[in-house]
file final-v4.txt (compact mmCIF, C-alpha atoms)
# COMPACT_ATOMS: atom_id res chain seq x y z
CA ASP A 26 0.00 0.00 0.00
CA SER A 27 3.09 2.27 -0.02
CA ASP A 28 2.48 3.18 3.63
CA VAL A 29 6.14 2.38 4.41
CA LEU A 30 8.73 3.15 1.74
CA GLY A 31 11.93 2.36 3.63
CA ILE A 32 13.10 0.64 6.82
CA LEU A 33 16.52 0.97 8.48
CA VAL A 34 17.24 -2.15 10.54
CA ILE A 35 19.74 -1.70 13.41
CA ARG A 36 20.77 -4.88 15.20
CA GLN A 37 20.44 -5.10 18.96
CA ASP A 38 24.19 -5.60 19.46
CA PHE A 39 25.18 -2.72 17.16
CA ASP A 40 26.75 -0.56 19.93
CA GLN A 41 28.48 -3.52 21.56
CA GLU A 42 29.97 -4.62 18.24
CA LEU A 43 31.41 -1.15 17.62
CA ALA A 44 32.77 -1.00 21.19
CA ARG A 45 34.63 -4.28 20.61
CA GLY A 46 36.22 -2.80 17.47
CA GLY A 47 34.14 -4.86 15.10
CA ALA A 48 32.13 -3.79 12.07
CA GLY A 49 28.54 -2.87 12.81
CA SER A 50 25.89 -4.05 10.36
CA LEU A 51 22.86 -2.10 9.20
CA GLN A 52 20.17 -3.17 6.74
CA LEU A 53 18.18 -0.76 4.57
CA LEU A 54 14.95 -2.19 3.13
CA VAL A 55 13.50 -0.06 0.33
CA ASP A 56 10.21 -0.42 -1.56
CA GLY A 57 11.47 -0.70 -5.13
CA SER A 58 8.06 -0.57 -6.81
CA GLU A 59 8.71 3.12 -7.53
CA PRO A 60 12.39 3.27 -8.59
CA ASN A 61 12.84 7.06 -8.37
CA THR A 62 11.56 7.22 -4.80
CA ALA A 63 13.65 4.17 -3.90
CA GLN A 64 16.82 5.80 -5.22
CA PHE A 65 16.11 8.95 -3.19
CA ILE A 66 15.65 6.92 -0.01
CA GLN A 67 18.85 4.99 -0.65
CA SER A 68 20.87 8.17 -1.27
CA TYR A 69 19.48 9.97 1.79
CA SER A 70 20.14 6.97 4.00
CA GLN A 71 23.72 6.63 2.80
CA GLY A 72 24.29 10.34 3.41
CA LEU A 73 22.83 10.02 6.91
CA ILE A 74 25.14 7.10 7.74
CA SER A 75 28.18 8.88 6.33
CA ASN A 76 27.43 12.03 8.32
CA TRP A 77 26.98 10.00 11.51
CA GLN A 78 30.32 8.28 10.95
CA ARG A 79 32.10 11.60 10.53
CA THR A 80 30.56 13.29 13.57
CA SER A 81 29.96 10.51 16.08
CA LEU A 82 32.82 8.03 15.67
CA PRO A 83 36.24 8.73 17.24
CA GLY A 84 38.63 10.12 14.65
CA GLY A 85 35.99 10.51 11.95
CA THR A 86 35.67 8.18 8.97
CA ALA A 87 38.51 5.71 8.54
CA LEU A 88 39.63 4.10 5.31
CA GLU A 89 37.69 1.03 6.37
CA PRO A 90 34.42 2.41 7.78
CA PRO A 91 33.13 0.42 10.77
CA VAL A 92 29.59 0.43 9.37
CA ASN A 93 28.75 -1.41 6.16
CA LEU A 94 25.42 -0.59 4.55
CA GLU A 95 23.83 -3.32 2.43
CA THR A 96 20.82 -2.21 0.38
CA ARG A 97 18.03 -4.54 -0.69
CA PHE A 98 15.07 -3.58 -2.92
CA TRP A 99 11.76 -5.26 -2.17
CA TYR A 100 9.28 -6.14 -4.97
CA ASN A 101 11.54 -4.74 -7.67
CA PRO A 102 15.02 -6.15 -6.87
CA THR A 103 16.67 -4.83 -10.04
CA ALA A 104 15.00 -1.37 -9.66
CA LYS A 105 13.94 -1.45 -13.33
CA SER A 106 11.62 1.38 -14.29
CA VAL A 107 9.87 -0.86 -16.85
CA GLN A 108 8.12 -2.60 -13.95
CA PHE A 109 6.75 0.79 -12.96
CA LEU A 110 5.92 2.17 -16.41
CA VAL A 111 4.22 -0.81 -18.10
CA PRO A 112 1.24 -1.03 -15.67
CA GLY A 113 0.67 2.72 -16.01
CA ALA A 114 0.87 2.48 -19.80
CA ILE A 115 -1.76 -0.28 -19.79
CA THR A 116 -4.05 1.93 -17.69
CA VAL A 117 -3.67 4.89 -20.05
CA ILE A 118 -4.19 2.78 -23.21
CA MET A 119 -7.31 1.09 -21.85
CA THR A 120 -8.67 4.47 -20.75
CA LEU A 121 -8.01 5.79 -24.25
CA ILE A 122 -9.98 2.92 -25.77
CA GLY A 123 -12.67 2.82 -23.12
CA THR A 124 -13.44 6.50 -22.58
CA LEU A 125 -12.05 8.61 -25.41
CA LEU A 126 -13.02 6.38 -28.35
CA THR A 127 -16.45 5.40 -27.04
CA SER A 128 -17.26 9.03 -26.29
CA LEU A 129 -17.52 9.45 -30.08
CA VAL A 130 -19.76 6.50 -31.03
CA PHE A 131 -23.19 8.05 -30.46
CA ALA A 132 -21.96 11.59 -31.11
CA ARG A 133 -20.76 10.39 -34.53
CA GLU A 134 -24.19 8.96 -35.33
CA TRP A 135 -25.89 12.25 -34.44
CA GLU A 136 -23.38 14.27 -36.42
CA ARG A 137 -23.70 12.11 -39.55
CA GLY A 138 -27.50 12.01 -39.33
CA THR A 139 -27.66 8.21 -39.06
CA MET A 140 -29.14 8.22 -35.57
CA GLU A 141 -32.60 8.80 -37.00
CA ALA A 142 -32.26 5.68 -39.15
CA MET A 143 -31.20 3.64 -36.14
CA PHE A 144 -34.22 4.86 -34.17
CA ALA A 145 -36.47 3.77 -37.01
CA THR A 146 -35.31 0.17 -36.70
CA PRO A 147 -36.86 -2.32 -34.23
CA VAL A 148 -33.56 -2.48 -32.32
CA SER A 149 -34.12 -1.97 -28.58
CA ARG A 150 -32.17 0.41 -26.38
CA MET A 151 -30.33 -2.49 -24.75
CA GLN A 152 -29.37 -3.98 -28.13
CA LEU A 153 -28.19 -0.58 -29.30
CA LEU A 154 -26.15 -0.10 -26.15
CA LEU A 155 -24.57 -3.57 -26.37
CA GLY A 156 -23.79 -3.03 -30.04
CA LYS A 157 -21.71 0.00 -29.15
CA LEU A 158 -20.23 -1.54 -26.00
CA ILE A 159 -19.07 -5.02 -27.05
CA PRO A 160 -16.64 -4.12 -29.90
CA TYR A 161 -14.67 -1.64 -27.77
CA PHE A 162 -14.76 -3.97 -24.79
CA CYS A 163 -13.21 -6.75 -26.90
CA MET A 164 -10.64 -4.30 -28.28
CA GLY A 165 -9.62 -3.23 -24.77
CA MET A 166 -9.46 -6.81 -23.49
CA PHE A 167 -7.28 -8.04 -26.37
CA SER A 168 -4.34 -10.16 -25.19
CA MET A 169 -5.38 -10.12 -21.50
CA SER A 170 -4.97 -13.71 -20.27
CA LEU A 171 -4.10 -13.97 -16.57
CA TRP A 172 -7.24 -14.50 -14.52
CA ALA A 173 -6.61 -11.76 -11.97
CA LEU A 174 -5.53 -9.37 -14.71
CA LEU A 175 -8.54 -10.39 -16.82
CA LEU A 176 -10.97 -9.77 -13.96
CA LEU A 177 -9.50 -6.39 -13.01
CA SER A 178 -9.25 -5.28 -16.63
CA SER A 179 -12.85 -6.32 -17.35
CA VAL A 180 -14.29 -4.33 -14.46
CA PHE A 181 -12.14 -1.29 -15.20
CA MET A 182 -13.01 -1.48 -18.90
CA LEU A 183 -16.72 -1.47 -18.09
CA SER A 184 -16.31 1.69 -15.97
CA ALA A 185 -14.28 3.38 -18.72
CA LEU A 186 -16.79 2.34 -21.39
CA GLY A 187 -19.65 3.57 -19.22
CA GLN A 188 -17.98 6.96 -18.88
CA GLY A 189 -17.35 7.22 -22.61
CA LEU A 190 -20.87 6.14 -23.58
CA PHE A 191 -22.40 8.53 -21.05
CA ILE A 192 -20.48 11.38 -22.67
CA SER A 193 -21.54 10.17 -26.11
CA VAL A 194 -25.28 10.01 -25.36
CA SER A 195 -25.17 13.39 -23.60
CA LEU A 196 -23.33 15.32 -26.33
CA ARG A 197 -24.24 15.28 -30.02
CA GLY A 198 -21.03 16.68 -31.52
CA GLN A 199 -17.87 14.63 -32.00
CA LEU A 200 -15.53 17.53 -31.22
CA VAL A 201 -17.24 18.38 -27.95
CA ALA A 202 -17.48 14.68 -27.02
CA ALA A 203 -13.80 14.14 -27.80
CA GLU A 204 -12.82 17.10 -25.62
CA ALA A 205 -15.03 15.84 -22.79
CA GLY A 206 -13.49 12.36 -23.06
CA LEU A 207 -10.00 13.83 -23.14
CA PHE A 208 -10.44 16.02 -20.06
CA SER A 209 -12.52 13.60 -18.00
CA GLY A 210 -10.82 10.33 -18.93
CA PHE A 211 -7.48 10.41 -20.69
CA LEU A 212 -5.75 13.29 -18.88
CA PRO A 213 -6.75 12.16 -15.35
CA ALA A 214 -5.58 8.62 -16.20
CA LEU A 215 -2.26 10.01 -17.44
CA LEU A 216 -1.57 12.59 -14.73
CA LEU A 217 -3.52 11.54 -11.62
CA SER A 218 -3.39 7.73 -11.66
CA GLY A 219 0.18 7.53 -10.31
CA PHE A 220 1.60 6.74 -13.76
CA VAL A 221 3.58 9.97 -14.21
CA PHE A 222 3.51 11.46 -10.69
CA ASP A 223 3.57 9.69 -7.35
CA ILE A 224 0.17 10.15 -5.69
CA ASN A 225 1.77 10.52 -2.25
CA SER A 226 3.69 13.57 -3.46
CA MET A 227 0.58 15.37 -4.74
CA PRO A 228 -1.25 18.13 -2.82
CA PRO A 229 -3.99 16.80 -0.50
CA ILE A 230 -6.81 18.03 -2.75
CA LEU A 231 -5.40 16.12 -5.74
CA GLN A 232 -4.90 13.03 -3.60
CA ALA A 233 -8.59 13.22 -2.70
CA ILE A 234 -9.51 13.48 -6.40
CA THR A 235 -7.45 10.38 -7.23
CA LYS A 236 -9.66 8.37 -4.88
CA LEU A 237 -12.57 9.06 -7.24
CA LEU A 238 -10.74 7.92 -10.38
CA PRO A 239 -11.03 4.26 -11.45
CA ALA A 240 -7.68 4.62 -13.26
CA SER A 241 -5.82 5.13 -9.96
CA TYR A 242 -7.32 1.94 -8.50
CA PHE A 243 -6.62 -0.01 -11.67
CA ASN A 244 -3.04 1.27 -11.84
CA THR A 245 -2.42 0.22 -8.23
CA CYS A 246 -3.79 -3.25 -8.94
CA LEU A 247 -1.67 -3.64 -12.09
CA ARG A 248 1.51 -2.70 -10.25
CA THR A 249 0.61 -5.14 -7.51
CA ILE A 250 0.26 -7.93 -10.10
CA PHE A 251 3.51 -7.03 -11.84
CA LEU A 252 5.62 -6.53 -8.70
CA THR A 253 4.05 -8.63 -5.95
CA GLY A 254 1.42 -11.00 -7.31
CA ASP A 255 -2.22 -11.58 -6.45
CA VAL A 256 -3.00 -9.55 -3.31
CA TRP A 257 -6.78 -9.71 -2.99
CA SER A 258 -6.87 -7.41 0.01
CA ILE A 259 -5.90 -4.68 -2.48
CA PHE A 260 -7.94 -6.03 -5.40
CA GLY A 261 -11.20 -6.37 -3.44
CA PRO A 262 -11.89 -2.68 -2.61
CA SER A 263 -10.70 -1.63 -6.06
CA LEU A 264 -13.01 -4.11 -7.80
CA LEU A 265 -15.92 -2.98 -5.64
CA PHE A 266 -15.38 0.71 -6.46
CA MET A 267 -14.87 0.15 -10.19
CA GLY A 268 -17.84 -2.22 -10.36
CA LEU A 269 -20.19 0.22 -8.64
CA LEU A 270 -19.00 3.06 -10.86
CA ALA A 271 -19.52 0.93 -13.99
CA ALA A 272 -23.05 0.01 -12.87
CA VAL A 273 -23.94 3.66 -12.19
CA LEU A 274 -22.52 4.96 -15.47
CA LEU A 275 -24.05 2.23 -17.63
CA GLY A 276 -27.37 2.75 -15.85
CA LEU A 277 -27.22 6.45 -16.70
CA VAL A 278 -26.38 5.60 -20.32
CA TYR A 279 -29.38 3.29 -20.57
CA LYS A 280 -31.65 5.91 -19.01
CA ASN A 281 -30.47 8.70 -21.33
CA LEU A 282 -30.51 6.55 -24.48
CA VAL A 283 -34.08 7.39 -25.50
CA LYS A 284 -35.22 6.48 -29.02
CA ARG A 285 -36.70 9.90 -29.70
CA LEU A 286 -35.46 12.86 -31.70
CA ASP A 287 -37.07 15.62 -29.63
CA VAL A 288 -34.82 15.18 -26.56

call {"tool": "encode", "arguments": {"input": "final-v4.txt", "output": "structure tokens"}}
result
Amino acid sequence: DSDVLGILVIRQDFDQELARGGAGSLQLLVDGSEPNTAQFIQSYSQGLISNWQRTSLPGGTALEPPVNLETRFWYNPTAKSVQFLVPGAITVIMTLIGTLLTSLVFAREWERGTMEAMFATPVSRMQLLLGKLIPYFCMGMFSMSLWALLLLSSVFMLSALGQGLFISVSLRGQLVAAEAGLFSGFLPALLLSGFVFDINSMPPILQAITKLLPASYFNTCLRTIFLTGDVWSIFGPSLLFMGLLAAVLLGLVYKNLVKRLDV
């Protein structure tokens, strides 16, 4: 949950070992799921140890310092940024497909004048909604195979599709719908999901906003899968939030999708 980003472990016999002239041992445990933050913690810790050696040990720092610092990265042992970037990229791409592209589907029909022809057919509102939903859902779910990843992606995709379709049935121009999808879906997923900027470093008001974005929950779950594995204590609340949001948005889409031209 990123509640603890680093731990400095000092053995119980640390002082006694130094008093006997031996080499004291410290252990620094760093959460490597966010490589930049992990590198900062490692550098600060090493500077703290070096400063302590210069000011607190008799004679300052010797050629062979009495304290050896061994660093270990948890969850991302090699500190590769690809493990951090790929989950965020998946979130942004699926948001692009789910919200931005689907925000145009009904708006395009209104703009081209084909919505009237669709209303004249015996197709029901539910069939019309599913016809616009299923192709983009399949596109977004392409190549997802792991069961946990498949479940999380499915629920997130439904919430993103619901947002895009709600925009599309509410606005009748493609340009306006595209701008609404961009500002309400793509940009928040890019900037506020934790993909580009660490959520913990954001101002409190932005941190509160991220708790309302399905992309931030999905991004957290993806990183958990990539770096740790299946942790259902994290997946459960995220699935519940994204599922409720998808149900609300798709319900609003169904309610607003009225087969009449005078609305």

call {"tool": "atom_distance", "arguments": {"input": "final-v4.txt", "atom1": "CA of Val117 in chain A", "atom2": "CA of Leu215 in chain A"}}
result
5.9 Å

call {"tool": "atom_distance", "arguments": {"input": "final-v4.txt", "atom1": "CA of Gln108 in chain A", "atom2": "CA of Met267 in chain A"}}
result
23.5 Å

call {"tool": "closest_atom_pairs", "arguments": {"input": "final-v4.txt", "of": "range 54-152 of chain A", "to": "range 166-190 of chain A", "cutoff": "8 Å", "atoms": "all atoms listed in the file", "output": "JSON lines"}}
result
{"residue": "A:Met119", "atom": "CA", "partner": "A:Met182", "partner_atom": "CA", "distance": 6.9}
{"residue": "A:Thr120", "atom": "CA", "partner": "A:Ala185", "partner_atom": "CA", "distance": 6.1}
{"residue": "A:Gly123", "atom": "CA", "partner": "A:Leu186", "partner_atom": "CA", "distance": 4.5}
{"residue": "A:Thr124", "atom": "CA", "partner": "A:Gly189", "partner_atom": "CA", "distance": 4.0}
{"residue": "A:Leu125", "atom": "CA", "partner": "A:Gly189", "partner_atom": "CA", "distance": 6.2}
{"residue": "A:Leu126", "atom": "CA", "partner": "A:Gly189", "partner_atom": "CA", "distance": 7.2}
{"residue": "A:Thr127", "atom": "CA", "partner": "A:Gly189", "partner_atom": "CA", "distance": 4.9}
{"residue": "A:Ser128", "atom": "CA", "partner": "A:Gly189", "partner_atom": "CA", "distance": 4.1}
{"residue": "A:Leu129", "atom": "CA", "partner": "A:Gly189", "partner_atom": "CA", "distance": 7.8}
{"residue": "A:Val130", "atom": "CA", "partner": "A:Leu190", "partner_atom": "CA", "distance": 7.5}
{"residue": "A:Phe131", "atom": "CA", "partner": "A:Leu190", "partner_atom": "CA", "distance": 7.5}

call {"tool": "closest_residue", "arguments": {"input": "final-v4.txt", "among": "A:Pro239, A:Phe65, A:Arg133, A:Val92", "to": "Asp40 in chain A", "atoms": "all atoms listed in the file"}}
result
A:Val92

call {"tool": "residues_around", "arguments": {"input": "final-v4.txt", "residues": "Ala114 in chain A", "least_positions_apart": "6", "cutoff": "12 Å", "atoms": "only C-alpha atoms", "output": "list in words"}}
result
Val107, Gln108, Thr120, Leu121, Phe211, Ala214, Leu215, Leu216, Ser218, Gly219, Phe220, Val221, Ala240, Phe243, Asn244, Leu247 and Arg248 of chain A

call {"tool": "residues_near_point", "arguments": {"input": "final-v4.txt", "point": "(-27.5, 16.5, -34.8)", "cutoff": "12 Å", "atoms": "only C-alpha atoms", "output": "PyMOL selection string"}}
result
chain A and resi 131-141+194-199+286-288

call {"tool": "residues_around", "arguments": {"input": "final-v4.txt", "residues": "Ser68 in chain A", "least_positions_apart": "3", "cutoff": "12 Å", "atoms": "only C-alpha atoms", "output": "list in words"}}
result
Gly31, Leu53, Val55, Asn61, Thr62, Ala63, Gln64, Phe65, Gln71, Gly72, Leu73, Ile74, Ser75, Leu94 and Thr96 of chain A

call {"tool": "atom_distance", "arguments": {"input": "final-v4.txt", "atom1": "CA of Leu43 in chain A", "atom2": "CA of Leu30 in chain A"}}
result
28.0 Å

call {"tool": "residues_around", "arguments": {"input": "final-v4.txt", "residues": "Leu154 in chain A", "least_positions_apart": "4", "cutoff": "8 Å", "atoms": "all atoms listed in the file", "output": "list in words"}}
result
Arg150, Leu158 and Tyr279 of chain A

call {"tool": "closest_residue", "arguments": {"input": "final-v4.txt", "among": "A:Lys105, A:Arg36, A:Arg79, A:Lys157", "to": "Leu51 in chain A", "atoms": "only C-alpha atoms"}}
result
A:Arg36

call {"tool": "residues_around", "arguments": {"input": "final-v4.txt", "residues": "Asp26 in chain A", "least_positions_apart": "3", "cutoff": "12 Å", "atoms": "only C-alpha atoms", "output": "VMD selection string"}}
result
chain A and resid 29 to 30 56 58 to 59 224 to 225 242 245 to 246 248 to 249 253 256 258 to 260

call {"tool": "write_last_selection", "arguments": {"input": "final-v4.txt", "atoms": "C-alpha atoms", "output": "compact mmCIF listing (two decimals), in the frame of the given file"}}
result
# COMPACT_ATOMS: atom_id res chain seq x y z
CA VAL A 29 6.14 2.38 4.41
CA LEU A 30 8.73 3.15 1.74
CA ASP A 56 10.21 -0.42 -1.56
CA SER A 58 8.06 -0.57 -6.81
CA GLU A 59 8.71 3.12 -7.53
CA ILE A 224 0.17 10.15 -5.69
CA ASN A 225 1.77 10.52 -2.25
CA TYR A 242 -7.32 1.94 -8.50
CA THR A 245 -2.42 0.22 -8.23
CA CYS A 246 -3.79 -3.25 -8.94
CA ARG A 248 1.51 -2.70 -10.25
CA THR A 249 0.61 -5.14 -7.51
CA THR A 253 4.05 -8.63 -5.95
CA VAL A 256 -3.00 -9.55 -3.31
CA SER A 258 -6.87 -7.41 0.01
CA ILE A 259 -5.90 -4.68 -2.48
CA PHE A 260 -7.94 -6.03 -5.40

call {"tool": "build_atoms", "arguments": {"input": "final-v4.txt", "residues": "range 27-40 of chain A", "atoms": "N, CA, C and O atoms", "output": "PDB file, in the coordinates of the input"}}
result
ATOM      1  N   SER A  27       2.161   1.135  -0.051  1.00  0.00           N
ATOM      2  CA  SER A  27       3.090   2.270  -0.020  1.00  0.00           C
ATOM      3  C   SER A  27       2.963   3.100   1.251  1.00  0.00           C
ATOM      4  O   SER A  27       3.252   4.284   1.268  1.00  0.00           O
ATOM      5  N   ASP A  28       2.509   2.476   2.341  1.00  0.00           N
ATOM      6  CA  ASP A  28       2.480   3.180   3.630  1.00  0.00           C
ATOM      7  C   ASP A  28       3.884   3.332   4.191  1.00  0.00           C
ATOM      8  O   ASP A  28       4.200   4.317   4.849  1.00  0.00           O
ATOM      9  N   VAL A  29       4.744   2.342   3.963  1.00  0.00           N
ATOM     10  CA  VAL A  29       6.140   2.380   4.410  1.00  0.00           C
ATOM     11  C   VAL A  29       7.012   2.218   3.175  1.00  0.00           C
ATOM     12  O   VAL A  29       6.894   1.240   2.448  1.00  0.00           O
ATOM     13  N   LEU A  30       7.884   3.182   2.928  1.00  0.00           N
ATOM     14  CA  LEU A  30       8.730   3.150   1.740  1.00  0.00           C
ATOM     15  C   LEU A  30      10.151   2.700   2.038  1.00  0.00           C
ATOM     16  O   LEU A  30      10.870   2.317   1.127  1.00  0.00           O
ATOM     17  N   GLY A  31      10.572   2.774   3.287  1.00  0.00           N
ATOM     18  CA  GLY A  31      11.930   2.360   3.630  1.00  0.00           C
ATOM     19  C   GLY A  31      12.038   2.029   5.107  1.00  0.00           C
ATOM     20  O   GLY A  31      11.352   2.627   5.939  1.00  0.00           O
ATOM     21  N   ILE A  32      12.878   1.050   5.420  1.00  0.00           N
ATOM     22  CA  ILE A  32      13.100   0.640   6.820  1.00  0.00           C
ATOM     23  C   ILE A  32      14.607   0.500   7.033  1.00  0.00           C
ATOM     24  O   ILE A  32      15.288  -0.171   6.250  1.00  0.00           O
ATOM     25  N   LEU A  33      15.118   1.124   8.088  1.00  0.00           N
ATOM     26  CA  LEU A  33      16.520   0.970   8.480  1.00  0.00           C
ATOM     27  C   LEU A  33      16.566   0.033   9.679  1.00  0.00           C
ATOM     28  O   LEU A  33      16.023   0.338  10.746  1.00  0.00           O
ATOM     29  N   VAL A  34      17.179  -1.124   9.498  1.00  0.00           N
ATOM     30  CA  VAL A  34      17.240  -2.150  10.540  1.00  0.00           C
ATOM     31  C   VAL A  34      18.584  -2.040  11.268  1.00  0.00           C
ATOM     32  O   VAL A  34      19.643  -2.150  10.642  1.00  0.00           O
ATOM     33  N   ILE A  35      18.528  -1.799  12.583  1.00  0.00           N
ATOM     34  CA  ILE A  35      19.740  -1.700  13.410  1.00  0.00           C
ATOM     35  C   ILE A  35      19.718  -2.873  14.388  1.00  0.00           C
ATOM     36  O   ILE A  35      18.777  -3.025  15.177  1.00  0.00           O
ATOM     37  N   ARG A  36      20.728  -3.693  14.328  1.00  0.00           N
ATOM     38  CA  ARG A  36      20.770  -4.880  15.200  1.00  0.00           C
ATOM     39  C   ARG A  36      20.896  -4.476  16.661  1.00  0.00           C
ATOM     40  O   ARG A  36      21.398  -3.405  16.998  1.00  0.00           O
ATOM     41  N   GLN A  37      20.455  -5.393  17.525  1.00  0.00           N
ATOM     42  CA  GLN A  37      20.440  -5.100  18.960  1.00  0.00           C
ATOM     43  C   GLN A  37      21.845  -4.937  19.520  1.00  0.00           C
ATOM     44  O   GLN A  37      22.059  -4.175  20.469  1.00  0.00           O
ATOM     45  N   ASP A  38      22.811  -5.655  18.944  1.00  0.00           N
ATOM     46  CA  ASP A  38      24.190  -5.600  19.460  1.00  0.00           C
ATOM     47  C   ASP A  38      25.053  -4.630  18.661  1.00  0.00           C
ATOM     48  O   ASP A  38      26.281  -4.767  18.626  1.00  0.00           O
ATOM     49  N   PHE A  39      24.443  -3.649  18.020  1.00  0.00           N
ATOM     50  CA  PHE A  39      25.180  -2.720  17.160  1.00  0.00           C
ATOM     51  C   PHE A  39      26.226  -1.945  17.966  1.00  0.00           C
ATOM     52  O   PHE A  39      27.403  -1.885  17.597  1.00  0.00           O
ATOM     53  N   ASP A  40      25.810  -1.342  19.111  1.00  0.00           N
ATOM     54  CA  ASP A  40      26.750  -0.560  19.930  1.00  0.00           C
ATOM     55  C   ASP A  40      27.854  -1.439  20.496  1.00  0.00           C
ATOM     56  O   ASP A  40      29.033  -1.049  20.522  1.00  0.00           O
TER      57      ASP A  40
END
